[in-house]
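Enquirer: Just coords_11.cif, nothing more (mmCIF, C-alpha atoms and all ligand atoms):
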```cif
data_structure
loop_
_atom_site.label_atom_id
_atom_site.label_comp_id
_atom_site.auth_asym_id
_atom_site.auth_seq_id
_atom_site.Cartn_x
_atom_site.Cartn_y
_atom_site.Cartn_z
CA MET A 10 2.56 10.82 -18.79
CA LYS A 11 5.96 9.17 -18.22
CA ILE A 12 7.32 8.85 -14.71
CA GLN A 13 10.98 7.99 -14.27
CA TRP A 14 11.86 7.12 -10.72
CA TYR A 15 14.51 4.75 -9.53
CA PRO A 16 15.67 5.19 -5.96
CA GLY A 17 19.38 4.62 -5.49
CA HIS A 18 19.20 2.58 -2.30
CA MET A 19 16.98 -0.02 -3.91
CA THR A 20 19.67 -2.65 -4.52
CA LYS A 21 20.84 -2.70 -0.92
CA ALA A 22 17.31 -2.88 0.47
CA LYS A 23 16.54 -5.73 -1.88
CA ARG A 24 19.60 -7.67 -0.76
CA THR A 25 18.74 -7.16 2.92
CA MET A 26 15.23 -8.38 2.30
CA GLU A 27 16.37 -11.42 0.38
CA SER A 28 18.44 -12.55 3.37
CA ASP A 29 15.80 -11.63 5.96
CA ILE A 30 13.08 -13.50 4.11
CA LYS A 31 15.06 -16.73 4.58
CA LEU A 32 14.51 -16.40 8.34
CA VAL A 33 10.72 -16.42 8.23
CA ASP A 34 7.85 -18.80 7.67
CA LEU A 35 5.19 -16.23 6.88
CA VAL A 36 5.36 -13.20 4.56
CA ILE A 37 2.83 -10.44 5.25
CA GLU A 38 2.58 -8.30 2.14
CA LEU A 39 1.06 -4.84 2.48
CA VAL A 40 -0.53 -3.35 -0.60
CA ASP A 41 -2.46 -0.10 -1.02
CA ALA A 42 -6.15 -0.93 -1.26
CA ARG A 43 -6.67 1.86 -3.81
CA VAL A 44 -4.14 0.32 -6.23
CA PRO A 45 -3.56 -3.31 -5.20
CA ALA A 46 -2.04 -4.25 -8.56
CA SER A 47 0.32 -1.29 -9.00
CA SER A 48 1.49 -1.37 -5.37
CA ARG A 49 2.68 -4.97 -5.62
CA ASN A 50 6.04 -6.13 -6.82
CA PRO A 51 5.83 -9.32 -8.91
CA ASP A 52 9.22 -10.47 -7.50
CA ILE A 53 7.47 -11.24 -4.24
CA ASP A 54 5.93 -14.39 -5.71
CA ARG A 55 9.42 -15.76 -6.33
CA LEU A 56 10.95 -14.39 -3.12
CA ALA A 57 8.15 -15.77 -0.95
CA GLN A 58 7.97 -19.13 -2.66
CA HIS A 59 7.45 -21.96 -0.16
CA LYS A 60 6.40 -19.46 2.53
CA ALA A 61 2.98 -18.95 4.03
CA ARG A 62 1.46 -15.77 2.59
CA LEU A 63 -0.91 -13.07 3.75
CA VAL A 64 -1.89 -9.93 1.85
CA LEU A 65 -3.17 -6.86 3.71
CA LEU A 66 -5.20 -4.33 1.72
CA ASN A 67 -4.06 -1.34 3.76
CA LYS A 68 -5.48 2.20 3.68
CA SER A 69 -8.80 0.54 2.98
CA ASP A 70 -10.42 3.63 4.56
CA LEU A 71 -9.32 5.64 1.50
CA ALA A 72 -10.60 3.06 -1.00
CA ASP A 73 -14.02 2.00 -2.17
CA GLU A 74 -15.43 -0.55 0.30
CA SER A 75 -17.25 -2.62 -2.34
CA ILE A 76 -14.06 -2.84 -4.42
CA ASN A 77 -12.06 -3.79 -1.30
CA ARG A 78 -14.31 -6.81 -0.96
CA GLN A 79 -13.86 -7.66 -4.63
CA TRP A 80 -10.09 -7.64 -4.14
CA GLU A 81 -10.35 -9.89 -1.09
CA ALA A 82 -12.31 -12.36 -3.21
CA TRP A 83 -9.86 -12.04 -6.10
CA PHE A 84 -6.84 -12.81 -3.90
CA ALA A 85 -8.74 -15.74 -2.39
CA SER A 86 -9.29 -17.06 -5.93
CA GLN A 87 -5.49 -16.94 -6.37
CA GLY A 88 -5.06 -19.01 -3.21
CA ILE A 89 -3.84 -16.04 -1.11
CA LEU A 90 -5.61 -14.95 2.03
CA ALA A 91 -6.24 -11.18 1.88
CA VAL A 92 -7.72 -8.94 4.56
CA ARG A 93 -8.60 -5.24 4.40
CA LEU A 94 -7.04 -2.99 7.00
CA ASN A 95 -6.72 0.56 8.26
CA ALA A 96 -3.39 0.37 10.07
CA LYS A 97 -3.65 4.00 11.12
CA SER A 98 -6.86 3.68 13.11
CA GLY A 99 -6.50 -0.01 13.88
CA THR A 100 -9.75 -0.96 12.14
CA GLY A 101 -9.35 -4.51 10.91
CA MET A 102 -6.46 -5.40 13.24
CA LYS A 103 -8.48 -8.11 14.94
CA ALA A 104 -9.24 -9.80 11.64
CA VAL A 105 -5.56 -9.52 10.74
CA GLN A 106 -4.53 -11.26 13.97
CA GLY A 107 -6.93 -14.07 13.10
CA ALA A 108 -5.62 -14.23 9.55
CA ILE A 109 -2.01 -14.49 10.79
CA GLN A 110 -3.01 -17.53 12.85
CA GLU A 111 -4.91 -18.97 9.90
CA ALA A 112 -1.99 -18.47 7.51
CA CYS A 113 0.36 -20.19 9.98
CA LYS A 114 -1.87 -23.16 10.69
CA GLU A 115 -0.38 -25.45 8.09
CA LYS A 116 3.15 -24.74 9.26
CA MET A 117 2.27 -25.37 12.90
CA GLU A 118 0.59 -28.61 11.95
CA ARG A 119 3.66 -29.72 9.97
CA ASP A 120 5.90 -28.95 12.96
CA ARG A 121 3.62 -30.90 15.24
CA ARG A 122 3.73 -33.98 12.98
CA ARG A 123 7.53 -33.82 13.03
CA GLY A 124 7.50 -33.62 16.80
CA ILE A 125 8.63 -29.97 16.88
CA LEU A 126 6.71 -28.34 19.68
CA ASN A 127 6.43 -24.72 20.73
CA ARG A 128 8.52 -23.25 17.95
CA PRO A 129 6.88 -19.94 17.15
CA VAL A 130 6.10 -19.12 13.55
CA ARG A 131 8.23 -16.24 12.29
CA ALA A 132 6.80 -13.54 10.12
CA MET A 133 7.96 -10.43 8.29
CA VAL A 134 6.20 -7.48 6.72
CA VAL A 135 7.04 -6.43 3.17
CA GLY A 136 5.77 -3.76 0.81
CA ILE A 137 6.60 -0.73 -1.30
CA PRO A 138 7.50 2.59 0.38
CA ASN A 139 4.68 4.52 2.06
CA VAL A 140 2.19 1.66 2.03
CA GLY A 141 1.98 1.69 5.85
CA LYS A 142 4.52 -0.96 6.93
CA SER A 143 5.86 0.98 9.95
CA THR A 144 2.39 2.03 11.04
CA PHE A 145 1.27 -1.60 10.93
CA ILE A 146 4.32 -2.95 12.77
CA ASN A 147 4.01 -0.26 15.46
CA SER A 148 0.38 -1.05 15.91
CA LEU A 149 1.13 -4.76 16.37
CA ALA A 150 4.11 -4.04 18.61
CA ARG A 151 2.06 -1.88 20.94
CA LYS A 152 -0.26 -4.80 21.50
CA ALA A 153 2.53 -7.32 21.79
CA ALA A 154 4.55 -8.30 24.82
CA ALA A 155 8.18 -7.22 25.29
CA LYS A 156 10.54 -7.63 22.38
CA THR A 157 12.73 -10.69 22.36
CA GLY A 158 16.46 -10.01 22.06
CA ASN A 159 18.90 -10.64 19.24
CA LYS A 160 19.32 -14.25 18.33
CA PRO A 161 22.25 -16.00 16.70
CA GLY A 162 22.00 -16.23 12.93
CA VAL A 163 19.93 -13.09 12.69
CA THR A 164 21.27 -10.00 10.95
CA LYS A 165 22.65 -7.65 13.60
CA GLY A 166 20.02 -5.21 14.73
CA ASN A 167 17.05 -7.36 13.82
CA GLN A 168 14.63 -7.77 16.67
CA TRP A 169 11.72 -10.10 16.97
CA ILE A 170 8.45 -8.90 18.39
CA ARG A 171 6.56 -11.63 20.13
CA LEU A 172 2.92 -11.27 19.07
CA ASN A 173 1.70 -14.24 21.09
CA LYS A 174 3.01 -17.64 22.05
CA ASN A 175 2.76 -18.83 18.46
CA VAL A 176 4.02 -15.91 16.36
CA GLU A 177 7.09 -13.66 16.25
CA LEU A 178 7.42 -10.70 13.89
CA LEU A 179 10.63 -9.22 12.53
CA ASP A 180 10.62 -5.56 13.58
CA THR A 181 12.13 -4.20 10.35
CA PRO A 182 10.05 -4.43 7.19
CA GLY A 183 11.29 -5.55 3.80
CA ILE A 184 11.10 -2.81 1.20
CA LEU A 185 10.01 -3.66 -2.31
CA TRP A 186 9.84 -1.36 -5.30
CA PRO A 187 6.95 -1.16 -7.70
CA ARG A 188 7.42 -1.72 -11.40
CA PHE A 189 7.60 1.53 -13.29
CA GLU A 190 7.83 0.23 -16.86
CA ASP A 191 4.10 0.57 -17.27
CA GLU A 192 2.92 4.16 -17.55
CA THR A 193 -0.38 3.46 -15.81
CA ILE A 194 1.37 2.07 -12.75
CA GLY A 195 3.42 5.26 -12.41
CA VAL A 196 0.34 7.46 -12.76
CA HIS A 197 -1.67 5.45 -10.23
CA LEU A 198 1.15 5.52 -7.67
CA ALA A 199 1.63 9.25 -8.21
CA LEU A 200 -2.09 9.85 -7.76
CA ILE A 201 -2.13 8.14 -4.36
CA GLY A 202 0.94 10.15 -3.31
CA SER A 203 3.54 7.37 -3.40
CA VAL A 204 5.89 9.18 -5.78
CA ASN A 205 7.86 12.24 -4.72
CA ASP A 206 5.86 15.21 -6.06
CA GLU A 207 9.07 17.08 -6.83
CA ILE A 208 9.77 14.91 -9.85
CA LEU A 209 6.21 15.15 -11.19
CA ASN A 210 4.39 17.49 -13.49
CA LEU A 211 1.51 17.98 -11.07
CA GLU A 212 -0.77 19.70 -13.54
CA GLU A 213 -0.51 16.80 -15.96
CA LEU A 214 -1.08 14.42 -13.06
CA ALA A 215 -4.22 16.30 -12.03
CA PHE A 216 -5.50 16.05 -15.62
CA GLU A 217 -5.01 12.29 -15.47
CA GLY A 218 -6.79 12.17 -12.13
CA ILE A 219 -9.74 14.17 -13.41
CA GLN A 220 -10.06 11.96 -16.49
CA ILE A 221 -10.04 8.82 -14.36
CA LEU A 222 -12.71 10.21 -12.04
CA GLN A 223 -14.87 11.29 -14.98
CA LYS A 224 -14.73 7.71 -16.21
CA ILE A 225 -14.99 5.54 -13.09
CA TYR A 226 -16.53 7.85 -10.47
CA PRO A 227 -18.93 10.08 -12.40
CA GLY A 228 -20.63 12.66 -10.23
CA THR A 229 -17.73 12.97 -7.79
CA LEU A 230 -16.29 16.24 -9.11
CA LYS A 231 -19.70 17.83 -9.38
CA GLU A 232 -20.60 16.78 -5.88
CA ARG A 233 -17.38 18.04 -4.30
CA TYR A 234 -16.80 21.25 -6.25
CA GLY A 235 -20.11 21.93 -7.96
CA VAL A 236 -18.38 22.05 -11.36
CA GLU A 237 -19.70 20.94 -14.72
CA GLU A 238 -18.22 17.48 -15.17
CA GLY A 239 -18.31 16.97 -18.91
CA GLU A 240 -15.69 19.65 -19.64
CA ALA A 241 -12.03 19.18 -20.55
CA PRO A 242 -9.73 18.67 -17.51
CA TYR A 243 -8.13 22.10 -17.85
CA LYS A 244 -11.53 23.78 -17.84
CA ILE A 245 -12.55 21.78 -14.79
CA LEU A 246 -9.39 22.85 -12.93
CA THR A 247 -10.10 26.47 -13.79
CA SER A 248 -13.62 26.06 -12.44
CA ILE A 249 -12.30 24.46 -9.26
CA ALA A 250 -9.91 27.41 -8.88
CA GLN A 251 -12.80 29.85 -9.18
CA VAL A 252 -15.13 27.95 -6.87
CA ARG A 253 -12.39 27.53 -4.25
CA ASN A 254 -11.11 31.09 -4.45
CA CYS A 255 -7.74 30.16 -5.92
CA ILE A 256 -7.26 33.53 -7.61
CA GLN A 257 -4.02 35.26 -8.58
CA LYS A 258 -3.35 38.95 -7.93
CA GLY A 259 -4.56 40.02 -11.36
CA GLY A 260 -7.84 38.20 -10.82
CA GLU A 261 -6.92 35.19 -12.95
CA ALA A 262 -7.58 31.63 -11.82
CA ASP A 263 -4.59 30.17 -9.92
CA THR A 264 -4.66 26.70 -11.45
CA ASP A 265 -1.43 25.65 -9.69
CA LYS A 266 -3.17 26.11 -6.40
CA ALA A 267 -6.24 24.27 -7.67
CA VAL A 268 -4.02 21.39 -8.82
CA ARG A 269 -2.59 20.97 -5.31
CA LEU A 270 -6.00 21.31 -3.72
CA PHE A 271 -7.51 18.67 -6.01
CA LEU A 272 -4.65 16.19 -5.54
CA ASP A 273 -4.74 16.69 -1.79
CA ASP A 274 -8.50 16.06 -1.70
CA LEU A 275 -8.10 12.93 -3.83
CA ARG A 276 -5.23 11.51 -1.76
CA SER A 277 -6.73 12.15 1.63
CA GLY A 278 -10.14 10.65 0.91
CA ARG A 279 -12.09 13.93 0.82
CA LEU A 280 -13.56 12.89 -2.54
CA GLY A 281 -14.80 9.70 -0.88
CA GLY A 282 -13.37 6.19 -1.07
CA ILE A 283 -11.64 5.93 -4.45
CA SER A 284 -10.33 2.67 -5.89
CA LEU A 285 -8.26 3.28 -9.00
CA GLU A 286 -7.91 -0.43 -9.77
CA ARG A 287 -10.38 -3.28 -9.87
CA PRO A 288 -9.70 -6.98 -10.05
P1 LIG B 301 5.98 2.70 5.23
O1 LIG B 301 6.59 2.26 6.53
O2 LIG B 301 5.45 1.56 4.43
O3 LIG B 301 6.88 3.57 4.40
O4 LIG B 301 4.69 3.60 5.56
P2 LIG B 301 4.30 4.37 6.92
O5 LIG B 301 3.90 3.40 7.98
O6 LIG B 301 5.38 5.34 7.24
O7 LIG B 301 2.97 5.12 6.46
C1 LIG B 301 2.97 6.10 5.42
C2 LIG B 301 1.82 7.05 5.63
O8 LIG B 301 0.58 6.35 5.48
C3 LIG B 301 1.74 7.68 7.02
O9 LIG B 301 1.21 8.98 6.85
C4 LIG B 301 0.72 6.81 7.75
O10 LIG B 301 0.10 7.47 8.82
C5 LIG B 301 -0.24 6.56 6.63
N1 LIG B 301 -1.06 5.32 6.82
C6 LIG B 301 -0.62 4.08 7.14
N2 LIG B 301 -1.64 3.21 7.18
C7 LIG B 301 -2.76 3.91 6.87
C8 LIG B 301 -4.15 3.55 6.74
O11 LIG B 301 -4.56 2.39 6.85
N3 LIG B 301 -5.00 4.56 6.40
C9 LIG B 301 -4.59 5.84 6.20
N4 LIG B 301 -5.51 6.76 5.88
N5 LIG B 301 -3.28 6.21 6.32
C10 LIG B 301 -2.39 5.25 6.65
P3 LIG B 301 2.07 10.28 6.96
O12 LIG B 301 1.36 11.33 6.21
O13 LIG B 301 3.47 9.98 6.58
O14 LIG B 301 2.05 10.57 8.47
P4 LIG B 301 0.80 11.04 9.37
O15 LIG B 301 0.21 12.20 8.64
O16 LIG B 301 -0.14 9.90 9.50
O17 LIG B 301 1.45 11.40 10.65
#
```
What's the structure tokens form of this structure?
Ligand code: G4P

Expert:
Amino acid sequence: MKIQWYPGHMTKAKRTMESDIKLVDLVIELVDARVPASSRNPDIDRLAQHKARLVLLNKSDLADESINRQWEAWFASQGILAVRLNAKSGTGMKAVQGAIQEACKEKMERDRRRGILNRPVRAMVVGIPNVGKSTFINSLARKAAAKTGNKPGVTKGNQWIRLNKNVELLDTPGILWPRFEDETIGVHLALIGSVNDEILNLEELAFEGIQILQKIYPGTLKERYGVEEGEAPYKILTSIAQVRNCIQKGGEADTDKAVRLFLDDLRSGRLGGISLERP
């Protein structure tokens, strides 16, 4: 399944981020815990060179908890601190606050040795669309004290949110785009709902989803829909349609409806925590 998707405003967003990133000491990269590899942009390693780094495995509530831990360990093995998070509910926010301090420690120590005192560490959030950047920033901002005003040298409109006496966060996130050259990346991002459904062949996508579940989460389809799992994807969708009363006027199975129902269940966690990628 080939997915072609190249948003037009990408170049401008990239340029804005490249200049914003120069203003910060710490880059907080949000990835989707269900697809931590596909939801990263490899450019970030170059863009965030010489910066302190923190990776947040967001939407961890929709992923497989044991795999979340494996990813944390994998990032640690790459020298990057990673923490799992549910930005929507706030679960994990405390650990994130601690991790921000931890990631900034070296920088604060360096400042102290140079005699620079009380200069807060500056951070920004980056990630691909829909990964939860705004939700995360809002959640931090609610806890934080009043925003500090515009400062000279900062792009007009940028505001800094003071998280505590040591850390300030840029209130606008940097938007990155995933790589789409690899077919699997496109399929994984479409399955989690990060690609506009209007450009997708949803039936084909559902087939891909069913095949993946058959392979890495056997038992899931049977448990949720009571269908025979070993069948071909189309047969399974027809069975789901029957079980879930997706029936057309003439009495035939409405597979289009079953496709949407299945994808919605998968994306919203009703099939349980699903991790499509493992380290
Ligand atoms: P962005 O700025 O990176 O583009 O993402 P944004 O914060 O707008 O979040 C995209 C969607 O993901 C939102 O859902 C948001 O509620 C949801 N979300 C963010 N973090 C988490 C998380 O940790 N877990 C879960 N389950 N969802 C999360 P939405 O459908 O656009 O809005 P709503 O239905 O939540 O109102």

Enquirer: Under the rule that only C-alpha atoms and all ligand atoms are counted, which of A:Leu185, A:Leu172, A:Cys113, A:Ala85 is the nearest residue to ligand LIG 301 (chain B)?

Expert: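 Going through A:Leu185, A:Leu172, A:Cys113, A:Ala85 one by one, the smallest distance to ligand LIG 301 (chain B) is for A:Leu185.
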
Enquirer: Could I get the residue neighbourhood of ligand LIG 301 (chain B) at 7 Å, counting all atoms listed in the file, as a PyMOL selection string?

Expert: chain A and resi 67-71+94-98+136-145+277

Enquirer: Which one of A:Glu192, A:Pro45, A:Leu200, A:Gly239 sits closest to A:Leu272 if you count all atoms listed in the file?

Expert: A:Leu200

Enquirer: Mind checking which residues fall within 7 Å of A:Asn50, counting only C-alpha atoms, ignoring those fewer than 2 positions away in the same chain, and posting them as a VMD selection string?

Expert: chain A and resid 48 52 to 53 185 to 188

Enquirer: Since we have the selection now, will you write its residues out, keeping C-alpha atoms, as a compact mmCIF listing (two decimals), in the coordinates of the input?

Expert:
```
# COMPACT_ATOMS: atom_id res chain seq x y z
CA SER A 48 1.49 -1.37 -5.37
CA ASP A 52 9.22 -10.47 -7.50
CA ILE A 53 7.47 -11.24 -4.24
CA LEU A 185 10.01 -3.66 -2.31
CA TRP A 186 9.84 -1.36 -5.30
CA PRO A 187 6.95 -1.16 -7.70
CA ARG A 188 7.42 -1.72 -11.40
```

Enquirer: Need the neighbours of (3.4, -25.6, 6.1): which residues are at most 10 Å away, counting all atoms listed in the file, as a PyMOL selection string?

Expert: chain A and resi 34-35+59-61+112-120

Enquirer: Could you pull the residues within 7 Å of A:Pro129, counting all atoms listed in the file, minus those fewer than 6 positions along the same chain, as a PyMOL selection string?

Expert: chain A and resi 174-177

Enquirer: With C-alpha atoms retained, write the just-selected residues as an mmCIF file, keeping the file's coordinate frame.

Expert:
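Below you can see again-v5.cif, which holds the result:
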```cif
data_model
loop_
_atom_site.group_PDB
_atom_site.id
_atom_site.type_symbol
_atom_site.label_atom_id
_atom_site.label_comp_id
_atom_site.auth_asym_id
_atom_site.auth_seq_id
_atom_site.Cartn_x
_atom_site.Cartn_y
_atom_site.Cartn_z
ATOM 1 C CA LYS A 174 3.010 -17.640 22.050
ATOM 2 C CA ASN A 175 2.760 -18.830 18.460
ATOM 3 C CA VAL A 176 4.020 -15.910 16.360
ATOM 4 C CA GLU A 177 7.090 -13.660 16.250
#
```

Enquirer: List every protein, DNA or RNA residue that has an atom no more than 12 Å from (4.8, -13.4, 1.7) in the file's coordinate frame, counting only C-alpha atoms, and report them as a ChimeraX atom specification.

Expert: /A:26-27,29-31,33-40,49-65,89-91,109,112-113,131-136,182-183,185

Enquirer: Have a look at atom CA of A:Glu240 and atom CA of A:Val252 and let me know their distance in Å, one decimal.

Expert: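 Separation between atom CA of A:Glu240 and atom CA of A:Val252: 15.2 Å.
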
Enquirer: Please indicate the distance in Å from atom CA of A:Arg253 to atom CA of A:Asp274, rounded to one decimal place.

Expert: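 Rounded to one decimal, the two atoms are 12.4 Å apart.
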
Enquirer: Please compute the atom CA of A:Leu214-atom CA of A:Gln257 distance, one decimal, in Å.

Expert: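 Value for the atom CA of A:Leu214-atom CA of A:Gln257 distance: 21.5 Å.
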
Enquirer: Identify which of the residues A:Asn167, A:Ser86, A:Thr247, A:Ser284 lies closest to A:Ala42, counting all atoms listed in the file when measuring atom-to-atom distances.

Expert: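 Answer, going by the shortest atom-to-atom distance: A:Ser284.
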
Enquirer: In terms of the shortest atom-to-atom distance over all atoms listed in the file, which of A:Phe189, A:Ile245, A:Gly282, A:Arg43 is closest to A:Val204?

Expert: A:Phe189

Enquirer: Got a sec: who's within 12 Å of A:Glu261, counting only C-alpha atoms, leaving out chain neighbours fewer than 4 positions off, as a ChimeraX atom specification?

Expert: /A:247-248,250-251,254-257,265-266

Enquirer: Those same residues, written as a PDB file, keeping the file's coordinate frame with C-alpha atoms?

Expert:
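Output saved as out_5.pdb:
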```pdb
ATOM      1  CA  THR A 247     -10.100  26.470 -13.790  1.00  0.00           C
ATOM      2  CA  SER A 248     -13.620  26.060 -12.440  1.00  0.00           C
ATOM      3  CA  ALA A 250      -9.910  27.410  -8.880  1.00  0.00           C
ATOM      4  CA  GLN A 251     -12.800  29.850  -9.180  1.00  0.00           C
ATOM      5  CA  ASN A 254     -11.110  31.090  -4.450  1.00  0.00           C
ATOM      6  CA  CYS A 255      -7.740  30.160  -5.920  1.00  0.00           C
ATOM      7  CA  ILE A 256      -7.260  33.530  -7.610  1.00  0.00           C
ATOM      8  CA  GLN A 257      -4.020  35.260  -8.580  1.00  0.00           C
ATOM      9  CA  ASP A 265      -1.430  25.650  -9.690  1.00  0.00           C
ATOM     10  CA  LYS A 266      -3.170  26.110  -6.400  1.00  0.00           C
TER      11      LYS A 266
END
```
